[in-house]
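Source file: model.cif. Holds: mmCIF, C-alpha atoms.
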```
data_work
loop_
_atom_site.label_atom_id
_atom_site.label_comp_id
_atom_site.auth_asym_id
_atom_site.auth_seq_id
_atom_site.Cartn_x
_atom_site.Cartn_y
_atom_site.Cartn_z
CA MET K 79 1.61 5.53 -12.31
CA GLU K 80 3.07 2.21 -13.43
CA LYS K 81 1.17 2.33 -16.74
CA VAL K 82 1.91 6.03 -17.32
CA ILE K 83 5.64 5.41 -16.88
CA ALA K 84 5.43 2.25 -19.00
CA LYS K 85 3.84 4.19 -21.87
CA ALA K 86 6.49 6.89 -21.58
CA LEU K 87 9.38 4.41 -21.68
CA LEU K 88 7.89 2.53 -24.63
CA SER K 89 7.17 5.69 -26.62
CA ILE K 90 10.80 6.85 -26.52
CA GLY K 91 12.28 3.37 -26.99
CA ALA K 92 13.84 3.33 -23.53
CA VAL K 93 12.28 -0.10 -23.06
CA PHE K 94 12.02 -1.88 -26.39
CA PHE K 95 10.57 -5.36 -26.90
CA ARG K 96 11.80 -7.56 -29.74
CA PRO K 97 10.74 -11.15 -29.01
CA GLU K 98 11.25 -12.23 -32.62
CA GLU K 99 14.87 -10.97 -32.74
CA PRO K 100 16.31 -11.26 -29.22
CA PHE K 101 19.06 -8.98 -27.96
CA THR K 102 22.17 -10.54 -26.43
CA TRP K 103 23.24 -9.32 -22.99
CA ALA K 104 26.90 -9.03 -21.99
CA SER K 105 26.41 -12.26 -20.04
CA GLY K 106 25.42 -14.03 -23.26
CA ILE K 107 21.76 -14.36 -22.23
CA LYS K 108 19.28 -13.86 -25.05
CA SER K 109 16.67 -11.28 -24.09
CA PRO K 110 13.45 -10.11 -25.77
CA VAL K 111 13.82 -6.68 -24.16
CA TYR K 112 16.31 -3.84 -24.45
CA CYS K 113 16.34 -1.19 -21.73
CA ASP K 114 18.16 2.15 -21.88
CA ASN K 115 16.65 4.62 -19.44
CA ARG K 116 19.30 7.20 -20.38
CA LEU K 117 16.98 8.05 -23.27
CA ILE K 118 14.65 9.64 -20.70
CA LEU K 119 17.17 12.44 -20.32
CA THR K 120 16.85 13.47 -23.98
CA ALA K 121 13.02 13.49 -23.92
CA PRO K 122 12.10 16.56 -21.79
CA GLU K 123 8.34 15.92 -21.61
CA TYR K 124 8.76 12.37 -20.37
CA ARG K 125 11.79 13.29 -18.28
CA THR K 126 9.59 15.63 -16.26
CA THR K 127 7.06 12.84 -15.71
CA VAL K 128 9.70 10.32 -14.62
CA GLU K 129 11.66 12.66 -12.35
CA ASN K 130 8.51 13.94 -10.63
CA ALA K 131 7.46 10.32 -10.11
CA ILE K 132 10.85 9.53 -8.52
CA ALA K 133 10.54 12.55 -6.22
CA GLU K 134 6.96 11.67 -5.24
CA THR K 135 7.94 8.05 -4.57
CA VAL K 136 10.78 9.17 -2.28
CA LYS K 137 8.38 11.44 -0.36
CA LYS K 138 5.69 8.77 -0.07
CA GLU K 139 7.78 5.66 0.60
CA TYR K 140 10.74 7.16 2.46
CA PRO K 141 9.59 10.38 4.19
CA GLU K 142 12.57 10.23 6.57
CA CYS K 143 15.09 10.38 3.67
CA GLU K 144 17.89 12.94 4.11
CA VAL K 145 20.01 12.44 0.98
CA LEU K 146 19.72 10.77 -2.43
CA MET K 147 22.58 8.72 -3.85
CA GLY K 148 22.65 7.79 -7.54
CA THR K 149 24.22 4.66 -8.95
CA SER K 150 27.08 5.20 -11.38
CA THR K 151 26.52 6.09 -14.09
CA ALA K 152 22.89 5.69 -15.11
CA GLY K 153 21.34 6.73 -11.81
CA ILE K 154 23.34 9.93 -11.32
CA ALA K 155 21.28 12.31 -13.46
CA HIS K 156 17.99 10.95 -12.13
CA ALA K 157 19.18 11.36 -8.56
CA ALA K 158 20.33 14.91 -9.28
CA ILE K 159 17.05 16.00 -10.87
CA ALA K 160 14.89 14.35 -8.20
CA ALA K 161 17.04 15.87 -5.45
CA HIS K 162 16.60 19.29 -7.07
CA ILE K 163 12.82 18.85 -7.07
CA LEU K 164 12.90 17.78 -3.42
CA GLY K 165 15.42 20.43 -2.33
CA MET K 166 17.57 17.61 -1.00
CA PRO K 167 21.32 16.84 -1.04
CA MET K 168 22.58 14.21 -3.46
CA GLY K 169 25.71 12.38 -4.41
CA TYR K 170 26.64 9.22 -6.24
CA VAL K 171 28.53 5.99 -5.77
CA ARG K 172 31.22 4.91 -8.21
CA SER K 173 31.55 1.31 -9.34
CA GLY K 174 34.99 1.36 -7.70
CA ASN K 175 37.37 3.73 -5.93
CA LYS K 176 39.08 6.43 -8.00
CA ASP K 177 42.75 5.71 -8.70
CA HIS K 178 43.73 9.34 -8.10
CA GLY K 179 43.05 12.32 -5.84
CA ARG K 180 41.25 11.32 -2.66
CA GLN K 181 40.39 7.93 -4.18
CA ASN K 182 36.72 8.38 -3.31
CA ARG K 183 34.10 5.84 -4.16
CA ILE K 184 31.27 7.95 -2.75
CA GLU K 185 31.06 11.44 -4.24
CA GLY K 186 29.25 14.22 -2.37
CA LYS K 187 29.06 14.94 1.34
CA LEU K 188 27.74 12.02 3.38
CA GLU K 189 27.55 12.03 7.16
CA LYS K 190 27.56 8.84 9.21
CA GLY K 191 24.04 7.90 10.21
CA GLN K 192 22.36 9.86 7.41
CA LYS K 193 19.26 8.23 5.96
CA VAL K 194 19.88 7.52 2.29
CA VAL K 195 17.71 6.46 -0.63
CA VAL K 196 19.53 5.00 -3.63
CA ILE K 197 18.30 6.02 -7.11
CA GLU K 198 18.77 3.34 -9.76
CA ASP K 199 17.62 3.28 -13.37
CA LEU K 200 16.86 -0.44 -13.63
CA ILE K 201 17.15 -3.64 -11.64
CA SER K 202 17.58 -7.10 -13.14
CA THR K 203 19.40 -9.52 -10.85
CA GLY K 204 20.11 -6.77 -8.30
CA GLY K 205 23.86 -7.30 -8.04
CA SER K 206 25.07 -3.80 -8.95
CA VAL K 207 22.61 -1.86 -6.80
CA ILE K 208 23.35 -4.07 -3.79
CA GLU K 209 27.07 -3.26 -4.19
CA VAL K 210 26.11 0.42 -3.95
CA VAL K 211 23.99 -0.22 -0.86
CA GLU K 212 26.86 -2.10 0.80
CA ALA K 213 29.37 0.68 -0.02
CA LEU K 214 27.06 3.26 1.58
CA ARG K 215 26.54 1.10 4.65
CA GLU K 216 30.29 0.62 5.00
CA ALA K 217 30.60 4.42 4.96
CA GLY K 218 28.19 4.62 7.89
CA ALA K 219 25.02 5.62 6.05
CA GLU K 220 21.63 4.18 6.89
CA VAL K 221 20.25 2.99 3.56
CA ILE K 222 16.49 3.05 3.98
CA GLY K 223 15.67 1.92 0.46
CA ILE K 224 15.92 2.13 -3.30
CA VAL K 225 13.82 3.85 -5.93
CA SER K 226 14.30 2.43 -9.42
CA ILE K 227 12.66 3.41 -12.67
CA PHE K 228 12.23 -0.14 -13.95
CA THR K 229 12.60 -3.65 -12.58
CA TYR K 230 12.50 -6.94 -14.42
CA ASN K 231 10.85 -8.54 -11.35
CA MET K 232 13.30 -11.45 -11.64
CA GLN K 233 13.21 -13.80 -8.68
CA LYS K 234 16.99 -13.68 -8.35
CA GLY K 235 16.81 -9.92 -7.95
CA LYS K 236 14.01 -10.15 -5.38
CA ASP K 237 15.93 -12.77 -3.40
CA ARG K 238 19.14 -10.71 -3.41
CA LEU K 239 17.35 -7.56 -2.24
CA ALA K 240 15.64 -9.53 0.52
CA ALA K 241 18.96 -11.06 1.61
CA ALA K 242 20.52 -7.59 1.69
CA ASN K 243 17.56 -6.38 3.76
CA VAL K 244 16.80 -3.46 1.49
CA LYS K 245 13.46 -2.34 0.08
CA ASN K 246 13.05 -1.38 -3.58
CA VAL K 247 10.16 0.57 -5.07
CA SER K 248 10.06 0.73 -8.88
CA LEU K 249 8.06 3.21 -10.94
CA THR K 250 7.12 0.41 -13.31
CA ASN K 251 8.04 -3.21 -13.98
CA PHE K 252 8.45 -5.88 -16.64
CA ASP K 253 4.94 -7.29 -16.28
CA VAL K 254 3.23 -3.91 -16.58
CA ILE K 255 5.34 -2.84 -19.54
CA ALA K 256 4.67 -6.15 -21.34
CA GLU K 257 0.93 -5.65 -20.81
CA VAL K 258 1.02 -2.03 -22.01
CA ALA K 259 3.22 -2.99 -24.98
CA ALA K 260 0.58 -5.50 -26.07
CA ASP K 261 -2.27 -3.02 -25.53
CA GLU K 262 -0.44 -0.34 -27.53
CA GLY K 263 0.49 -2.67 -30.39
CA TYR K 264 4.25 -2.86 -29.80
CA ILE K 265 4.00 -6.63 -29.45
CA LYS K 266 1.30 -9.28 -29.97
CA LYS K 267 -0.89 -10.36 -27.06
CA GLU K 268 0.40 -13.90 -27.44
CA ASP K 269 3.96 -12.65 -26.89
CA ILE K 270 3.24 -11.85 -23.24
CA GLU K 271 3.46 -15.52 -22.21
CA ARG K 272 6.86 -15.81 -23.93
CA LEU K 273 8.10 -12.66 -22.21
CA ILE K 274 7.02 -13.88 -18.78
CA LYS K 275 8.72 -17.22 -19.46
CA PHE K 276 11.95 -15.33 -20.13
CA ARG K 277 11.50 -13.25 -16.99
CA ASN K 278 10.94 -16.33 -14.85
CA ASN K 279 14.08 -18.08 -16.12
CA PRO K 280 16.41 -15.95 -18.30
CA SER K 281 18.81 -18.85 -18.90
CA ASP K 282 16.04 -20.96 -20.50
CA GLU K 283 15.85 -20.01 -24.18
CA SER K 284 12.84 -22.20 -25.01
CA TRP K 285 10.68 -19.07 -25.36
CA ILE K 286 12.60 -18.08 -28.51
CA GLY K 287 10.55 -18.98 -31.58
CA ALA K 288 7.77 -20.41 -29.37
#
```
Please express what this file holds, its structure, as structure tokens.
Amino acid sequence: MEKVIAKALLSIGAVFFRPEEPFTWASGIKSPVYCDNRLILTAPEYRTTVENAIAETVKKEYPECEVLMGTSTAGIAHAAIAAHILGMPMGYVRSGNKDHGRQNRIEGKLEKGQKVVVIEDLISTGGSVIEVVEALREAGAEVIGIVSIFTYNMQKGKDRLAAANVKNVSLTNFDVIAEVAADEGYIKKEDIERLIKFRNNPSDESWIGA
């Protein structure tokens, strides 16, 4: 599954490697990879593959799940489609409380004690998804885990998830996509070492031009 999803994401440019001309993240970090999993939504054939994979992962890894909660905004559509496939309730968690109406942060019906799986599009350092997990826990939900489409496999992200005591299962990951990208001719084989060097320490830019 990891390679099937990797090929799908590469083919639609949802994950795009450019080691020779790095992208700049909002944090200022230079990155050889650009990830926009929203593009899955405009590619029906691959969307079906990804959403079925999310649904199957929820069933396999979290059979006790009672409700899916998407992260705002990128995880919402994926949570909705997967929940539809599973015949399961869903909602989503805002990045902050609304400033009007009922001032909700969590949208959709959520009962205290319900077993929740969070649907996220990608995980890098893990900060944003952990905020969602904490908001759900504060609301009385039992967060049993996360399903994400893609993870960078960064150590900081792994450490944060472990500290938050939450399991994440990703459909594919940085290492697999780098390998598939080389096999499919998106990048050179020798670029893999540079990509892994970035993944291991994003603040170290010595991989650029290596």
Which polymer residues have any atom within 7 Å of an atom of Leu200 (chain K), counting only C-alpha atoms, with same-chain residues fewer than 3 positions away left out, as a list in words?
-> Ser226, Ile227, Phe228 and Thr229 of chain K
I would like the residues chosen by the PyMOL selection byres ((chain K and resi 99-114) around 10) on the shown file; could you give them as a CSV table (one decimal) with C-alpha atoms, in the frame of the given file?
```csv
chain,number,residue,atom,x,y,z
K,87,LEU,CA,9.4,4.4,-21.7
K,88,LEU,CA,7.9,2.5,-24.6
K,90,ILE,CA,10.8,6.8,-26.5
K,91,GLY,CA,12.3,3.4,-27.0
K,92,ALA,CA,13.8,3.3,-23.5
K,93,VAL,CA,12.3,-0.1,-23.1
K,94,PHE,CA,12.0,-1.9,-26.4
K,95,PHE,CA,10.6,-5.4,-26.9
K,96,ARG,CA,11.8,-7.6,-29.7
K,97,PRO,CA,10.7,-11.2,-29.0
K,98,GLU,CA,11.2,-12.2,-32.6
K,115,ASN,CA,16.6,4.6,-19.4
K,116,ARG,CA,19.3,7.2,-20.4
K,117,LEU,CA,17.0,8.0,-23.3
K,118,ILE,CA,14.6,9.6,-20.7
K,152,ALA,CA,22.9,5.7,-15.1
K,199,ASP,CA,17.6,3.3,-13.4
K,200,LEU,CA,16.9,-0.4,-13.6
K,228,PHE,CA,12.2,-0.1,-14.0
K,230,TYR,CA,12.5,-6.9,-14.4
K,252,PHE,CA,8.4,-5.9,-16.6
K,256,ALA,CA,4.7,-6.2,-21.3
K,269,ASP,CA,4.0,-12.6,-26.9
K,272,ARG,CA,6.9,-15.8,-23.9
K,273,LEU,CA,8.1,-12.7,-22.2
K,276,PHE,CA,12.0,-15.3,-20.1
K,277,ARG,CA,11.5,-13.2,-17.0
K,280,PRO,CA,16.4,-16.0,-18.3
K,281,SER,CA,18.8,-18.8,-18.9
K,282,ASP,CA,16.0,-21.0,-20.5
K,283,GLU,CA,15.8,-20.0,-24.2
K,285,TRP,CA,10.7,-19.1,-25.4
K,286,ILE,CA,12.6,-18.1,-28.5
K,287,GLY,CA,10.6,-19.0,-31.6
```
Separation of CA of Ile201 (chain K) from CA of Lys187 (chain K) in Å = 25.6 Å
Report the distance between CA of Asn231 (chain K) and CA of Thr151 (chain K) in Å, rounded to one decimal place.
->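 Interatomic distance here is 21.6 Å.
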Do a neighbour search on Val210 (chain K) at 10 Å with all atoms listed in the file, toss out local chain neighbours closer than 2 positions, and write the hits as a PyMOL selection string.
-> chain K and resi 147-150+170-174+183-184+196+198+205-208+212-216+221
Put those residues in a file: C-alpha atoms, as a compact mmCIF listing (two decimals), keeping the file's coordinate frame.
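Written file, out-v1.txt:
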```
# COMPACT_ATOMS: atom_id res chain seq x y z
CA MET K 147 22.58 8.72 -3.85
CA GLY K 148 22.65 7.79 -7.54
CA THR K 149 24.22 4.66 -8.95
CA SER K 150 27.08 5.20 -11.38
CA TYR K 170 26.64 9.22 -6.24
CA VAL K 171 28.53 5.99 -5.77
CA ARG K 172 31.22 4.91 -8.21
CA SER K 173 31.55 1.31 -9.34
CA GLY K 174 34.99 1.36 -7.70
CA ARG K 183 34.10 5.84 -4.16
CA ILE K 184 31.27 7.95 -2.75
CA VAL K 196 19.53 5.00 -3.63
CA GLU K 198 18.77 3.34 -9.76
CA GLY K 205 23.86 -7.30 -8.04
CA SER K 206 25.07 -3.80 -8.95
CA VAL K 207 22.61 -1.86 -6.80
CA ILE K 208 23.35 -4.07 -3.79
CA GLU K 212 26.86 -2.10 0.80
CA ALA K 213 29.37 0.68 -0.02
CA LEU K 214 27.06 3.26 1.58
CA ARG K 215 26.54 1.10 4.65
CA GLU K 216 30.29 0.62 5.00
CA VAL K 221 20.25 2.99 3.56
```
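For the pair CA of Ala240 (chain K) and CA of Asn130 (chain K), the interatomic distance is 26.9 Å.
Closest to Cys143 (chain K) among K:Met232, K:Leu239, K:Ile222, K:Leu249 is K:Ile222, based on all atoms listed in the file.
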Nearest to Asp253 (chain K): which of K:Ile265, K:Gly204, K:Glu80, K:Glu139 is it, counting all atoms listed in the file?
->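 Among the listed residues, the smallest separation from Asp253 (chain K) belongs to K:Glu80.
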Nearest residue to Glu129 (chain K) from the set K:Lys190, K:Lys245, K:Lys85, K:His162 (distances using all atoms listed in the file) |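 Ranked by minimum distance to Glu129 (chain K), first place goes to K:His162.
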Select, from K:Leu188, K:Val244, K:Glu220, K:Ala86, the residue with the minimum atom-to-atom distance to Thr126 (chain K), counting all atoms listed in the file.
-> K:Ala86
Taking all atoms of region 103-109 of chain K that appear in the file, build a box with edges along x, y and z, extend it by 5 Å on every side, and state its centre and edge lengths in Å to one decimal, as AutoDock Vina command-line options.
```
--center_x 21.8 --center_y -11.7 --center_z -22.5 --size_x 20.2 --size_y 15.3 --size_z 15.0
```
Could you spell out the hits of the PyMOL selection byres ((chain K and resi 157) around 7) on the shown file, as number ranges by chain?
-> K: 146-148, 153-156, 158-161, 168, 197
Pick the closest to Gln233 (chain K) from K:Thr250, K:Asn278, K:Glu189, K:Gly263: which is it, counting all atoms listed in the file?
-> K:Asn278
Using all atoms listed in the file, which of the listed residues (K:Val136, K:Ala219, K:Ile83, K:Val145) sits closest to Asn246 (chain K)?
->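 Under the stated criterion, the closest residue is K:Val136.
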Could you get me a file of region 124-144 of chain K with N, CA and C atoms, as a PDB file, in the first residue's frame, taken from the block above?
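Wrote decode33.pdb, looks like this:
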```pdb
ATOM      1  N   TYR K 124      -7.351   8.629  -8.175  1.00  0.00           N
ATOM      2  CA  TYR K 124      -6.438   8.474  -7.045  1.00  0.00           C
ATOM      3  C   TYR K 124      -7.137   8.782  -5.723  1.00  0.00           C
ATOM      4  N   ARG K 125      -8.107   9.676  -5.775  1.00  0.00           N
ATOM      5  CA  ARG K 125      -8.888   9.987  -4.570  1.00  0.00           C
ATOM      6  C   ARG K 125      -9.563   8.729  -4.043  1.00  0.00           C
ATOM      7  N   THR K 126     -10.129   7.941  -4.933  1.00  0.00           N
ATOM      8  CA  THR K 126     -10.770   6.686  -4.527  1.00  0.00           C
ATOM      9  C   THR K 126      -9.770   5.759  -3.850  1.00  0.00           C
ATOM     10  N   THR K 127      -8.579   5.660  -4.425  1.00  0.00           N
ATOM     11  CA  THR K 127      -7.535   4.801  -3.851  1.00  0.00           C
ATOM     12  C   THR K 127      -7.153   5.256  -2.452  1.00  0.00           C
ATOM     13  N   VAL K 128      -6.928   6.567  -2.313  1.00  0.00           N
ATOM     14  CA  VAL K 128      -6.485   7.116  -1.019  1.00  0.00           C
ATOM     15  C   VAL K 128      -7.581   6.993   0.041  1.00  0.00           C
ATOM     16  N   GLU K 129      -8.809   7.365  -0.314  1.00  0.00           N
ATOM     17  CA  GLU K 129      -9.879   7.339   0.689  1.00  0.00           C
ATOM     18  C   GLU K 129     -10.218   5.917   1.117  1.00  0.00           C
ATOM     19  N   ASN K 130     -10.186   4.967   0.178  1.00  0.00           N
ATOM     20  CA  ASN K 130     -10.396   3.563   0.553  1.00  0.00           C
ATOM     21  C   ASN K 130      -9.279   3.074   1.467  1.00  0.00           C
ATOM     22  N   ALA K 131      -8.058   3.538   1.205  1.00  0.00           N
ATOM     23  CA  ALA K 131      -6.926   3.149   2.045  1.00  0.00           C
ATOM     24  C   ALA K 131      -7.077   3.714   3.456  1.00  0.00           C
ATOM     25  N   ILE K 132      -7.570   4.960   3.567  1.00  0.00           N
ATOM     26  CA  ILE K 132      -7.822   5.544   4.888  1.00  0.00           C
ATOM     27  C   ILE K 132      -8.861   4.710   5.629  1.00  0.00           C
ATOM     28  N   ALA K 133      -9.964   4.406   4.942  1.00  0.00           N
ATOM     29  CA  ALA K 133     -11.049   3.632   5.561  1.00  0.00           C
ATOM     30  C   ALA K 133     -10.562   2.250   6.004  1.00  0.00           C
ATOM     31  N   GLU K 134      -9.790   1.584   5.154  1.00  0.00           N
ATOM     32  CA  GLU K 134      -9.285   0.252   5.493  1.00  0.00           C
ATOM     33  C   GLU K 134      -8.309   0.317   6.663  1.00  0.00           C
ATOM     34  N   THR K 135      -7.514   1.379   6.711  1.00  0.00           N
ATOM     35  CA  THR K 135      -6.554   1.536   7.817  1.00  0.00           C
ATOM     36  C   THR K 135      -7.289   1.755   9.130  1.00  0.00           C
ATOM     37  N   VAL K 136      -8.350   2.557   9.109  1.00  0.00           N
ATOM     38  CA  VAL K 136      -9.156   2.755  10.321  1.00  0.00           C
ATOM     39  C   VAL K 136      -9.724   1.418  10.795  1.00  0.00           C
ATOM     40  N   LYS K 137     -10.285   0.640   9.870  1.00  0.00           N
ATOM     41  CA  LYS K 137     -10.889  -0.654  10.231  1.00  0.00           C
ATOM     42  C   LYS K 137      -9.847  -1.618  10.800  1.00  0.00           C
ATOM     43  N   LYS K 138      -8.684  -1.639  10.185  1.00  0.00           N
ATOM     44  CA  LYS K 138      -7.635  -2.587  10.589  1.00  0.00           C
ATOM     45  C   LYS K 138      -6.952  -2.176  11.888  1.00  0.00           C
ATOM     46  N   GLU K 139      -6.560  -0.900  11.969  1.00  0.00           N
ATOM     47  CA  GLU K 139      -5.746  -0.439  13.101  1.00  0.00           C
ATOM     48  C   GLU K 139      -6.576  -0.005  14.305  1.00  0.00           C
ATOM     49  N   TYR K 140      -7.799   0.465  14.054  1.00  0.00           N
ATOM     50  CA  TYR K 140      -8.628   1.002  15.132  1.00  0.00           C
ATOM     51  C   TYR K 140     -10.055   0.466  15.023  1.00  0.00           C
ATOM     52  N   PRO K 141     -10.243  -0.844  15.147  1.00  0.00           N
ATOM     53  CA  PRO K 141     -11.580  -1.428  14.949  1.00  0.00           C
ATOM     54  C   PRO K 141     -12.628  -0.919  15.929  1.00  0.00           C
ATOM     55  N   GLU K 142     -12.191  -0.368  17.072  1.00  0.00           N
ATOM     56  CA  GLU K 142     -13.130   0.132  18.071  1.00  0.00           C
ATOM     57  C   GLU K 142     -13.558   1.581  17.807  1.00  0.00           C
ATOM     58  N   CYS K 143     -13.054   2.189  16.735  1.00  0.00           N
ATOM     59  CA  CYS K 143     -13.347   3.594  16.423  1.00  0.00           C
ATOM     60  C   CYS K 143     -14.849   3.832  16.279  1.00  0.00           C
ATOM     61  N   GLU K 144     -15.321   4.961  16.834  1.00  0.00           N
ATOM     62  CA  GLU K 144     -16.740   5.328  16.768  1.00  0.00           C
ATOM     63  C   GLU K 144     -17.001   6.583  15.935  1.00  0.00           C
TER      64      GLU K 144
END
```
